[in-house]
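Dropping input-v3.cif in here (mmCIF, C-alpha atoms and all ligand atoms):
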data_upload
#
loop_
_atom_site.group_PDB
_atom_site.id
_atom_site.type_symbol
_atom_site.label_atom_id
_atom_site.label_comp_id
_atom_site.auth_asym_id
_atom_site.auth_seq_id
_atom_site.Cartn_x
_atom_site.Cartn_y
_atom_site.Cartn_z
ATOM 1 C CA MET A 1 120.744 117.193 112.161
ATOM 2 C CA LYS A 2 118.671 120.311 111.682
ATOM 3 C CA GLU A 3 117.227 120.990 108.246
ATOM 4 C CA GLY A 4 119.398 123.083 105.956
ATOM 5 C CA GLU A 5 122.563 122.401 107.954
ATOM 6 C CA LYS A 6 125.736 121.121 106.293
ATOM 7 C CA GLU A 7 127.038 117.705 107.246
ATOM 8 C CA ILE A 8 130.299 117.971 109.142
ATOM 9 C CA GLU A 9 132.863 115.389 110.162
ATOM 10 C CA LEU A 10 132.426 114.897 113.921
ATOM 11 C CA ILE A 11 135.122 112.268 114.382
ATOM 12 C CA LYS A 12 138.690 112.716 113.224
ATOM 13 C CA LYS A 13 141.384 110.101 113.879
ATOM 14 C CA GLY A 14 139.251 108.377 116.500
ATOM 15 C CA LYS A 15 138.720 111.597 118.491
ATOM 16 C CA ARG A 16 135.813 113.978 118.761
ATOM 17 C CA LEU A 17 136.078 117.632 117.706
ATOM 18 C CA ASP A 18 136.839 118.751 121.274
ATOM 19 C CA GLY A 19 139.515 116.058 121.595
ATOM 20 C CA ARG A 20 137.459 113.712 123.754
ATOM 21 C CA GLY A 21 137.355 109.966 123.398
ATOM 22 C CA PHE A 22 133.980 108.288 122.748
ATOM 23 C CA GLU A 23 133.398 107.423 126.405
ATOM 24 C CA GLU A 24 134.625 110.649 127.944
ATOM 25 C CA LEU A 25 132.556 113.180 129.895
ATOM 26 C CA ARG A 26 133.080 116.899 129.529
ATOM 27 C CA PRO A 27 134.817 118.534 132.518
ATOM 28 C CA ILE A 28 132.466 119.030 135.467
ATOM 29 C CA LYS A 29 132.612 121.751 138.102
ATOM 30 C CA ILE A 30 130.235 121.911 141.068
ATOM 31 C CA GLU A 31 129.775 124.678 143.627
ATOM 32 C CA VAL A 32 127.317 124.194 146.485
ATOM 33 C CA GLY A 33 125.404 126.877 148.406
ATOM 34 C CA VAL A 34 126.191 129.810 146.153
ATOM 35 C CA LEU A 35 122.935 131.736 146.647
ATOM 36 C CA LYS A 36 122.234 133.245 150.047
ATOM 37 C CA ARG A 37 118.482 133.720 149.629
ATOM 38 C CA ALA A 38 117.770 130.168 148.516
ATOM 39 C CA ASP A 39 117.386 127.294 150.981
ATOM 40 C CA GLY A 40 119.683 125.275 148.758
ATOM 41 C CA SER A 41 121.632 126.066 145.617
ATOM 42 C CA CYS A 42 124.200 124.741 143.209
ATOM 43 C CA TYR A 43 126.198 126.121 140.306
ATOM 44 C CA PHE A 44 127.056 123.364 137.861
ATOM 45 C CA GLU A 45 129.264 123.319 134.768
ATOM 46 C CA MET A 46 129.394 120.468 132.304
ATOM 47 C CA GLY A 47 131.734 121.517 129.512
ATOM 48 C CA ASN A 48 130.278 124.732 128.118
ATOM 49 C CA ASN A 49 126.972 124.320 129.932
ATOM 50 C CA LYS A 50 126.608 126.627 132.898
ATOM 51 C CA VAL A 51 123.519 126.237 135.039
ATOM 52 C CA MET A 52 122.314 127.495 138.390
ATOM 53 C CA ALA A 53 119.807 125.625 140.539
ATOM 54 C CA ALA A 54 117.970 127.173 143.487
ATOM 55 C CA VAL A 55 115.633 125.335 145.858
ATOM 56 C CA TYR A 56 113.064 126.967 148.141
ATOM 57 C CA GLY A 57 111.001 125.100 150.684
ATOM 58 C CA PRO A 58 109.299 123.167 151.952
ATOM 59 C CA ARG A 59 107.167 126.337 152.228
ATOM 60 C CA GLU A 60 103.505 127.191 152.283
ATOM 61 C CA MET A 61 101.804 126.350 149.015
ATOM 62 C CA HIS A 62 100.084 129.197 147.152
ATOM 63 C CA PRO A 63 97.475 129.171 145.784
ATOM 64 C CA ARG A 64 96.023 126.956 148.471
ATOM 65 C CA HIS A 65 93.858 124.882 146.163
ATOM 66 C CA PHE A 66 97.086 123.410 144.726
ATOM 67 C CA GLN A 67 97.990 122.011 148.155
ATOM 68 C CA ASP A 68 98.084 118.277 148.649
ATOM 69 C CA ALA A 69 96.843 117.270 152.110
ATOM 70 C CA LYS A 70 99.075 114.180 152.110
ATOM 71 C CA MET A 71 102.359 115.416 150.712
ATOM 72 C CA ALA A 72 104.497 118.270 149.459
ATOM 73 C CA VAL A 73 104.072 119.361 145.855
ATOM 74 C CA VAL A 74 107.344 119.601 143.942
ATOM 75 C CA LYS A 75 107.505 122.322 141.301
ATOM 76 C CA TYR A 76 110.388 122.417 138.836
ATOM 77 C CA ARG A 77 111.062 125.280 136.481
ATOM 78 C CA TYR A 78 113.719 124.883 133.794
ATOM 79 C CA ASN A 79 114.463 128.176 132.095
ATOM 80 C CA MET A 80 116.961 129.219 129.455
ATOM 81 C CA ALA A 81 118.340 132.727 129.769
ATOM 82 C CA PRO A 82 117.940 134.765 126.551
ATOM 83 C CA PHE A 83 121.745 135.066 126.376
ATOM 84 C CA SER A 84 122.417 131.354 126.903
ATOM 85 C CA VAL A 85 122.216 130.348 123.241
ATOM 86 C CA ASP A 86 123.815 131.517 119.973
ATOM 87 C CA ASP A 87 120.707 133.330 118.770
ATOM 88 C CA ARG A 88 118.838 135.202 121.459
ATOM 89 C CA LYS A 89 116.216 132.947 123.019
ATOM 90 C CA ARG A 90 112.822 134.547 123.401
ATOM 91 C CA PRO A 91 112.307 134.978 127.148
ATOM 92 C CA GLY A 92 109.626 133.002 128.935
ATOM 93 C CA PRO A 93 108.285 129.475 128.825
ATOM 94 C CA ASP A 94 107.877 127.576 125.570
ATOM 95 C CA ARG A 95 106.915 123.994 124.691
ATOM 96 C CA ARG A 96 110.472 122.773 125.114
ATOM 97 C CA SER A 97 110.989 124.286 128.577
ATOM 98 C CA VAL A 98 107.588 123.039 129.762
ATOM 99 C CA GLU A 99 108.475 119.506 128.626
ATOM 100 C CA ILE A 100 111.956 119.636 130.176
ATOM 101 C CA SER A 101 110.511 120.950 133.461
ATOM 102 C CA LYS A 102 108.001 118.087 133.539
ATOM 103 C CA VAL A 103 110.435 115.249 132.817
ATOM 104 C CA SER A 104 113.013 116.720 135.198
ATOM 105 C CA ARG A 105 110.466 116.976 138.005
ATOM 106 C CA GLU A 106 109.439 113.377 137.369
ATOM 107 C CA ALA A 107 113.091 112.314 137.503
ATOM 108 C CA PHE A 108 112.999 113.239 141.209
ATOM 109 C CA ASP A 109 109.660 111.552 141.955
ATOM 110 C CA PRO A 110 111.115 108.300 143.306
ATOM 111 C CA VAL A 111 113.606 110.007 145.634
ATOM 112 C CA ILE A 112 112.032 113.064 147.307
ATOM 113 C CA ILE A 113 110.186 112.009 150.470
ATOM 114 C CA LYS A 114 107.192 114.279 149.949
ATOM 115 C CA GLU A 115 105.030 112.678 152.667
ATOM 116 C CA TYR A 116 107.039 114.451 155.366
ATOM 117 C CA TYR A 117 105.686 117.882 154.413
ATOM 118 C CA PRO A 118 101.989 117.805 153.556
ATOM 119 C CA LYS A 119 100.378 120.982 152.176
ATOM 120 C CA THR A 120 103.733 122.529 151.277
ATOM 121 C CA ALA A 121 105.550 123.363 148.073
ATOM 122 C CA ILE A 122 109.135 122.584 147.200
ATOM 123 C CA ASP A 123 110.251 124.914 144.403
ATOM 124 C CA VAL A 124 113.162 123.956 142.193
ATOM 125 C CA TYR A 125 114.416 126.595 139.763
ATOM 126 C CA VAL A 126 116.980 125.769 137.097
ATOM 127 C CA GLU A 127 118.407 128.652 135.120
ATOM 128 C CA VAL A 128 120.561 127.875 132.105
ATOM 129 C CA LEU A 129 123.156 130.622 131.779
ATOM 130 C CA GLN A 130 125.118 129.109 128.898
ATOM 131 C CA SER A 131 124.101 126.134 126.827
ATOM 132 C CA ASP A 132 125.936 123.582 124.733
ATOM 133 C CA ALA A 133 123.630 120.510 124.623
ATOM 134 C CA GLY A 134 122.744 118.443 127.644
ATOM 135 C CA THR A 135 121.294 121.338 129.604
ATOM 136 C CA ARG A 136 118.445 119.253 131.015
ATOM 137 C CA THR A 137 120.995 116.745 132.339
ATOM 138 C CA ALA A 138 123.192 119.503 133.795
ATOM 139 C CA GLY A 139 120.046 121.016 135.322
ATOM 140 C CA ILE A 140 119.056 117.740 136.973
ATOM 141 C CA ASN A 141 122.574 117.292 138.383
ATOM 142 C CA ALA A 142 122.493 120.828 139.768
ATOM 143 C CA ALA A 143 118.960 120.476 141.140
ATOM 144 C CA SER A 144 119.917 117.264 142.889
ATOM 145 C CA VAL A 145 122.771 118.934 144.748
ATOM 146 C CA ALA A 146 120.645 122.025 145.508
ATOM 147 C CA LEU A 147 117.873 119.814 146.959
ATOM 148 C CA ALA A 148 120.412 118.103 149.191
ATOM 149 C CA ASP A 149 121.861 121.501 150.163
ATOM 150 C CA ALA A 150 118.340 122.647 151.112
ATOM 151 C CA GLY A 151 118.034 119.623 153.397
ATOM 152 C CA ILE A 152 115.056 118.208 151.507
ATOM 153 C CA PRO A 153 114.707 114.574 152.627
ATOM 154 C CA MET A 154 115.634 112.307 149.735
ATOM 155 C CA LYS A 155 116.249 108.599 149.496
ATOM 156 C CA ASP A 156 119.244 109.452 147.337
ATOM 157 C CA MET A 157 120.519 111.873 144.736
ATOM 158 C CA VAL A 158 119.783 111.761 141.023
ATOM 159 C CA SER A 159 122.550 111.961 138.425
ATOM 160 C CA SER A 160 122.100 112.605 134.746
ATOM 161 C CA VAL A 161 123.911 112.514 131.402
ATOM 162 C CA ALA A 162 123.159 111.962 127.712
ATOM 163 C CA VAL A 163 124.586 109.484 125.235
ATOM 164 C CA GLY A 164 124.284 109.825 121.519
ATOM 165 C CA LYS A 165 125.395 108.639 118.122
ATOM 166 C CA ILE A 166 127.724 110.621 115.875
ATOM 167 C CA GLY A 167 129.429 109.426 112.704
ATOM 168 C CA GLY A 168 127.973 105.965 113.417
ATOM 169 C CA GLU A 169 129.626 105.764 116.869
ATOM 170 C CA VAL A 170 127.919 105.652 120.256
ATOM 171 C CA VAL A 171 129.414 108.440 122.370
ATOM 172 C CA LEU A 172 128.937 109.897 125.823
ATOM 173 C CA ASP A 173 127.781 113.412 126.714
ATOM 174 C CA LEU A 174 127.127 115.133 123.369
ATOM 175 C CA SER A 175 128.341 118.687 122.870
ATOM 176 C CA GLY A 176 126.245 121.247 120.965
ATOM 177 C CA VAL A 177 127.819 120.627 117.577
ATOM 178 C CA GLU A 178 127.501 116.858 118.081
ATOM 179 C CA ASP A 179 123.860 117.225 119.064
ATOM 180 C CA ASN A 180 123.112 119.356 115.998
ATOM 181 C CA HIS A 181 124.901 117.147 113.504
ATOM 182 C CA GLY A 182 124.587 113.741 115.160
ATOM 183 C CA GLU A 183 122.188 110.864 114.551
ATOM 184 C CA ALA A 184 120.773 110.282 118.029
ATOM 185 C CA ASP A 185 120.635 111.783 121.504
ATOM 186 C CA MET A 186 119.422 109.961 124.617
ATOM 187 C CA PRO A 187 119.435 111.802 127.956
ATOM 188 C CA ILE A 188 118.975 109.679 131.056
ATOM 189 C CA ALA A 189 118.707 110.351 134.782
ATOM 190 C CA MET A 190 119.186 107.740 137.453
ATOM 191 C CA VAL A 191 119.700 106.998 141.114
ATOM 192 C CA ALA A 192 123.272 105.780 140.856
ATOM 193 C CA ARG A 193 123.346 103.876 144.134
ATOM 194 C CA THR A 194 120.488 101.596 143.101
ATOM 195 C CA ASP A 195 120.840 101.818 139.297
ATOM 196 C CA THR A 196 117.242 103.035 139.048
ATOM 197 C CA ILE A 197 116.492 104.962 135.861
ATOM 198 C CA THR A 198 114.183 107.906 136.567
ATOM 199 C CA MET A 199 114.237 109.575 133.148
ATOM 200 C CA LEU A 200 114.969 108.278 129.667
ATOM 201 C CA GLN A 201 114.272 110.168 126.480
ATOM 202 C CA MET A 202 115.403 109.577 122.936
ATOM 203 C CA ASP A 203 115.730 111.715 119.861
ATOM 204 C CA GLY A 204 116.860 109.892 116.695
ATOM 205 C CA HIS A 205 117.557 106.204 116.210
ATOM 206 C CA PHE A 206 119.682 103.580 117.904
ATOM 207 C CA LYS A 207 119.892 99.939 116.897
ATOM 208 C CA LYS A 208 119.072 97.602 119.799
ATOM 209 C CA GLU A 209 122.722 96.820 120.388
ATOM 210 C CA GLU A 210 123.655 100.524 120.274
ATOM 211 C CA PHE A 211 120.897 101.353 122.723
ATOM 212 C CA GLU A 212 122.165 98.752 125.167
ATOM 213 C CA ARG A 213 125.764 99.927 124.851
ATOM 214 C CA GLY A 214 124.705 103.578 125.164
ATOM 215 C CA LEU A 215 122.629 102.891 128.229
ATOM 216 C CA LYS A 216 125.540 101.124 129.920
ATOM 217 C CA LEU A 217 127.843 104.014 129.020
ATOM 218 C CA ALA A 218 125.412 106.559 130.462
ATOM 219 C CA MET A 219 124.844 104.510 133.606
ATOM 220 C CA ASP A 220 128.570 104.170 134.243
ATOM 221 C CA ALA A 221 128.951 107.930 133.745
ATOM 222 C CA CYS A 222 126.124 108.623 136.208
ATOM 223 C CA HIS A 223 128.107 106.715 138.829
ATOM 224 C CA LYS A 224 131.043 109.087 138.219
ATOM 225 C CA ILE A 225 128.796 112.161 138.354
ATOM 226 C CA TYR A 226 127.215 110.904 141.573
ATOM 227 C CA GLU A 227 130.664 110.712 143.176
ATOM 228 C CA LEU A 228 131.391 114.310 142.098
ATOM 229 C CA GLN A 229 128.036 115.489 143.501
ATOM 230 C CA ARG A 230 128.698 113.706 146.779
ATOM 231 C CA THR A 231 132.239 115.057 147.031
ATOM 232 C CA ALA A 232 131.031 118.638 146.394
ATOM 233 C CA LEU A 233 128.457 118.324 149.192
ATOM 234 C CA ILE A 234 130.913 116.734 151.611
ATOM 235 C CA GLU A 235 133.453 119.494 150.903
ATOM 236 C CA ARG A 236 130.831 122.183 151.481
ATOM 237 C CA TYR A 237 129.659 120.700 154.755
ATOM 238 C CA SER A 238 133.050 119.738 156.116
ATOM 239 C CA LYS A 239 133.929 123.461 156.323
ATOM 240 C CA SER A 240 133.428 124.823 159.823
ATOM 241 C CA VAL A 241 130.510 127.216 160.331
ATOM 242 C CA GLY A 242 131.197 130.684 158.973
ATOM 243 C CA GLU A 243 134.341 129.637 157.150
ATOM 244 C CA GLY A 244 134.598 131.168 153.696
ATOM 245 C CA GLU A 245 131.807 133.645 154.449
ATOM 246 C CA GLU A 246 132.170 137.373 154.780
HETATM 247 O O1 LIG B 1 120.015 121.061 126.227
HETATM 248 P P1 LIG B 1 119.403 119.718 125.974
HETATM 249 O O2 LIG B 1 120.319 118.810 125.208
HETATM 250 O O3 LIG B 1 118.894 119.092 127.221
HETATM 251 O O4 LIG B 1 118.096 119.965 125.086
HETATM 252 P P2 LIG B 1 117.924 120.022 123.496
HETATM 253 O O5 LIG B 1 116.512 120.474 123.248
HETATM 254 O O6 LIG B 1 118.383 118.750 122.887
HETATM 255 O O7 LIG B 1 118.850 121.217 123.056
HETATM 256 C C1 LIG B 1 120.177 121.004 122.651
HETATM 257 C C2 LIG B 1 120.893 122.317 122.592
HETATM 258 O O8 LIG B 1 120.346 123.121 121.562
HETATM 259 C C3 LIG B 1 120.790 123.179 123.846
HETATM 260 O O9 LIG B 1 121.646 122.759 124.879
HETATM 261 C C4 LIG B 1 121.171 124.526 123.275
HETATM 262 O O10 LIG B 1 122.582 124.654 123.196
HETATM 263 C C5 LIG B 1 120.573 124.485 121.863
HETATM 264 N N1 LIG B 1 119.313 125.239 121.845
HETATM 265 C C6 LIG B 1 119.330 126.515 121.299
HETATM 266 O O11 LIG B 1 120.378 126.972 120.841
HETATM 267 N N2 LIG B 1 118.177 127.270 121.286
HETATM 268 C C7 LIG B 1 117.025 126.793 121.808
HETATM 269 N N3 LIG B 1 115.911 127.534 121.777
HETATM 270 C C8 LIG B 1 117.003 125.503 122.358
HETATM 271 C C9 LIG B 1 118.164 124.747 122.362
#
Would you kindly transcribe this structure into structure tokens?
Amino acid sequence: MKEGEKEIELIKKGKRLDGRGFEELRPIKIEVGVLKRADGSCYFEMGNNKVMAAVYGPREMHPRHFQDAKMAVVKYRYNMAPFSVDDRKRPGPDRRSVEISKVSREAFDPVIIKEYYPKTAIDVYVEVLQSDAGTRTAGINAASVALADAGIPMKDMVSSVAVGKIGGEVVLDLSGVEDNHGEADMPIAMVARTDTITMLQMDGHFKKEEFERGLKLAMDACHKIYELQRTALIERYSKSVGEGEE
């Protein structure tokens, strides 16, 4: 809970403030290939989070001295639009967005087959249009689909969600109010098919048993998200060429 904020009751009659059960995800909506100029793109909603991911590349790396002779360099930029939060967010990078960009990029390290495209850059842009906690996880889910849409060779997709603790209970996929007034928040990213965790962060405290339960909850949810990502891609690519386009 942030300093100076009043404590509020986050659980009433066994339900969360938005009516969800403890192990319930927020509604997810995925649209693939929404940006014409990008090589791959995805619009992703997770409850009140609305994010757009755009992927460009593999393309020539500039400046050249950043090239890697053996593999592609993946760049990931997470950015929050000034209008995405309650108070206007100052535009431009800050410590938080630099950290989120770094951990998100690393979440894709084990899956992107960078060796296929030496000397190139793969640019991943994640723009948060509306935020309600869990934006880095929504961004990773969107980026994963956008990378696949761009045809970037990957061993598999990455799926992501947070678990947390509110009112002493371990719950899945914290909303903004739960994040602000809760006791712990733990975003994870993983390759669902192999149960490989590629990102794990923690803010607050879990007891060992709560951590284990939370991790299982998040991993199970990543399996569900993975299925939704896969379905969205299959639906996009099962349309015949030109269908749905002007
Ligand atoms: O979004 P995520 O949970 O990945 O990251 P966070 O740093 O835990 O931020 C939690 C939430 O706080 C965000 O989703 C935003 O809704 C809010 N936030 C904000 O209102 N203003 C900021 N400058 C940063 C975050």
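Taking CA of His62 in chain A and CA of Lys114 in chain A as the two end points, the separation is 16.8 Å.
Distance annotation: of A:Ser41, A:Gly92, A:Val126, A:Met199, the residue with the minimal separation from Phe108 in chain A is A:Met199; atom set is all atoms listed in the file.
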Ligand LIG 1 (chain B), all listed atoms, 8 Å padding on each side: what axis-aligned box centre and edge lengths in Å to one decimal come out, as lines of an AutoDock Vina configuration file?
center_x = 119.2
center_y = 123.1
center_z = 124.0
size_x = 22.7
size_y = 24.8
size_z = 22.4
Atom C7 of ligand LIG 1 (chain B) sits from CA of Lys15 in chain A at a separation of 26.7 Å
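With only C-alpha atoms as the atoms that count, the minimum distance from Gly33 in chain A to the choices A:Ala142, A:Ile11, A:Ala192, A:Val85 is reached by A:Ala142.
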Here CA of Arg193 in chain A and CA of Pro110 in chain A stand apart by 13.0 Å
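Taking all atoms listed in the file into account, every polymer residue with at least one atom at most 7 Å away from ligand LIG 1 (chain B) is listed here: Val85, Asp86, Asp87, Lys89, Arg96, Ser131, Asp132, Ala133, Gly134, Thr135, Arg136, Thr137, Gly176 and Asp179 of chain A.
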Evaluate the PyMOL selection byres (((chain A and resi 49) around 7) and not hetatm) and report residues as a PDB file with C-alpha atoms, in the frame of the given file:
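Contents of the output file part.pdb:
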ATOM      1  CA  GLU A  45     129.264 123.319 134.768  1.00  0.00           C
ATOM      2  CA  MET A  46     129.394 120.468 132.304  1.00  0.00           C
ATOM      3  CA  GLY A  47     131.734 121.517 129.512  1.00  0.00           C
ATOM      4  CA  ASN A  48     130.278 124.732 128.118  1.00  0.00           C
ATOM      5  CA  LYS A  50     126.608 126.627 132.898  1.00  0.00           C
ATOM      6  CA  VAL A  51     123.519 126.237 135.039  1.00  0.00           C
ATOM      7  CA  GLN A 130     125.118 129.109 128.898  1.00  0.00           C
ATOM      8  CA  SER A 131     124.101 126.134 126.827  1.00  0.00           C
ATOM      9  CA  ASP A 132     125.936 123.582 124.733  1.00  0.00           C
ATOM     10  CA  THR A 135     121.294 121.338 129.604  1.00  0.00           C
TER      11      THR A 135
END
Of the candidates A:Glu127, A:Met186, A:Glu210, A:Ala143, which one gets nearest to Pro82 in chain A if we count only C-alpha atoms? A:Glu127
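The nearest approach to Ile8 in chain A among the residues A:Met190, A:Arg90, A:Asn180, A:Lys239, with all atoms listed in the file taken into account, belongs to A:Asn180.
Distance annotation: of A:Ala81, A:Ala150, A:Ile28, A:Val74, the residue with the minimal separation from Tyr226 in chain A is A:Ile28; atom set is all atoms listed in the file.
In terms of minimum interatomic distance to Gln201 in chain A, A:Leu215 ranks closest within A:Cys42, A:Leu215, A:Ile152, A:Ile225, counting all atoms listed in the file.
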Near Ala53 in chain A, within 10 Å and counting all atoms listed in the file, which residues show up once chain neighbours fewer than 3 positions away are dropped, as a PDB file with C-alpha atoms, in the coordinates of the input?
ATOM      1  CA  VAL A  32     127.317 124.194 146.485  1.00  0.00           C
ATOM      2  CA  GLY A  33     125.404 126.877 148.406  1.00  0.00           C
ATOM      3  CA  VAL A  34     126.191 129.810 146.153  1.00  0.00           C
ATOM      4  CA  LEU A  35     122.935 131.736 146.647  1.00  0.00           C
ATOM      5  CA  ALA A  38     117.770 130.168 148.516  1.00  0.00           C
ATOM      6  CA  GLY A  40     119.683 125.275 148.758  1.00  0.00           C
ATOM      7  CA  SER A  41     121.632 126.066 145.617  1.00  0.00           C
ATOM      8  CA  CYS A  42     124.200 124.741 143.209  1.00  0.00           C
ATOM      9  CA  TYR A  43     126.198 126.121 140.306  1.00  0.00           C
ATOM     10  CA  PHE A  44     127.056 123.364 137.861  1.00  0.00           C
ATOM     11  CA  ARG A  77     111.062 125.280 136.481  1.00  0.00           C
ATOM     12  CA  TYR A  78     113.719 124.883 133.794  1.00  0.00           C
ATOM     13  CA  VAL A 124     113.162 123.956 142.193  1.00  0.00           C
ATOM     14  CA  TYR A 125     114.416 126.595 139.763  1.00  0.00           C
ATOM     15  CA  VAL A 126     116.980 125.769 137.097  1.00  0.00           C
ATOM     16  CA  GLU A 127     118.407 128.652 135.120  1.00  0.00           C
ATOM     17  CA  VAL A 128     120.561 127.875 132.105  1.00  0.00           C
ATOM     18  CA  ALA A 138     123.192 119.503 133.795  1.00  0.00           C
ATOM     19  CA  GLY A 139     120.046 121.016 135.322  1.00  0.00           C
ATOM     20  CA  ILE A 140     119.056 117.740 136.973  1.00  0.00           C
ATOM     21  CA  ASN A 141     122.574 117.292 138.383  1.00  0.00           C
ATOM     22  CA  ALA A 142     122.493 120.828 139.768  1.00  0.00           C
ATOM     23  CA  ALA A 143     118.960 120.476 141.140  1.00  0.00           C
ATOM     24  CA  SER A 144     119.917 117.264 142.889  1.00  0.00           C
ATOM     25  CA  VAL A 145     122.771 118.934 144.748  1.00  0.00           C
ATOM     26  CA  ALA A 146     120.645 122.025 145.508  1.00  0.00           C
ATOM     27  CA  LEU A 147     117.873 119.814 146.959  1.00  0.00           C
TER      28      LEU A 147
END
Going by the chain IDs and residue numbers used in this file, which residues fall under the PyMOL selection byres (((chain A and resi 170) around 8) and not hetatm)? Write them as a short mmCIF file (atom, residue, chain, number, x, y, z; two decimals) with C-alpha atoms, in the coordinates of the input.
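Once written, result-v7.cif looks like this:
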data_model
loop_
_atom_site.label_atom_id
_atom_site.label_comp_id
_atom_site.auth_asym_id
_atom_site.auth_seq_id
_atom_site.Cartn_x
_atom_site.Cartn_y
_atom_site.Cartn_z
CA PHE A 22 133.98 108.29 122.75
CA VAL A 163 124.59 109.48 125.24
CA GLY A 164 124.28 109.82 121.52
CA LYS A 165 125.40 108.64 118.12
CA ILE A 166 127.72 110.62 115.88
CA GLY A 168 127.97 105.96 113.42
CA GLU A 169 129.63 105.76 116.87
CA VAL A 171 129.41 108.44 122.37
CA LEU A 172 128.94 109.90 125.82
CA GLU A 210 123.66 100.52 120.27
CA ARG A 213 125.76 99.93 124.85
CA GLY A 214 124.70 103.58 125.16
#
Written-out range 201-213 of chain A (C-alpha atoms) as a compact mmCIF listing (two decimals), in the first residue's frame:
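decode_14.txt written:
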# COMPACT_ATOMS: atom_id res chain seq x y z
CA GLN A 201 9.57 -10.46 -9.76
CA MET A 202 8.18 -9.78 -6.33
CA ASP A 203 7.01 -6.72 -4.49
CA GLY A 204 5.93 -7.28 -0.86
CA HIS A 205 6.02 -10.48 1.16
CA PHE A 206 4.75 -14.01 0.74
CA LYS A 207 5.23 -16.83 3.22
CA LYS A 208 6.90 -19.87 1.63
CA GLU A 209 3.61 -21.72 1.39
CA GLU A 210 1.87 -18.67 -0.13
CA PHE A 211 4.66 -18.27 -2.65
CA GLU A 212 4.31 -21.88 -3.75
CA ARG A 213 0.53 -21.63 -4.03
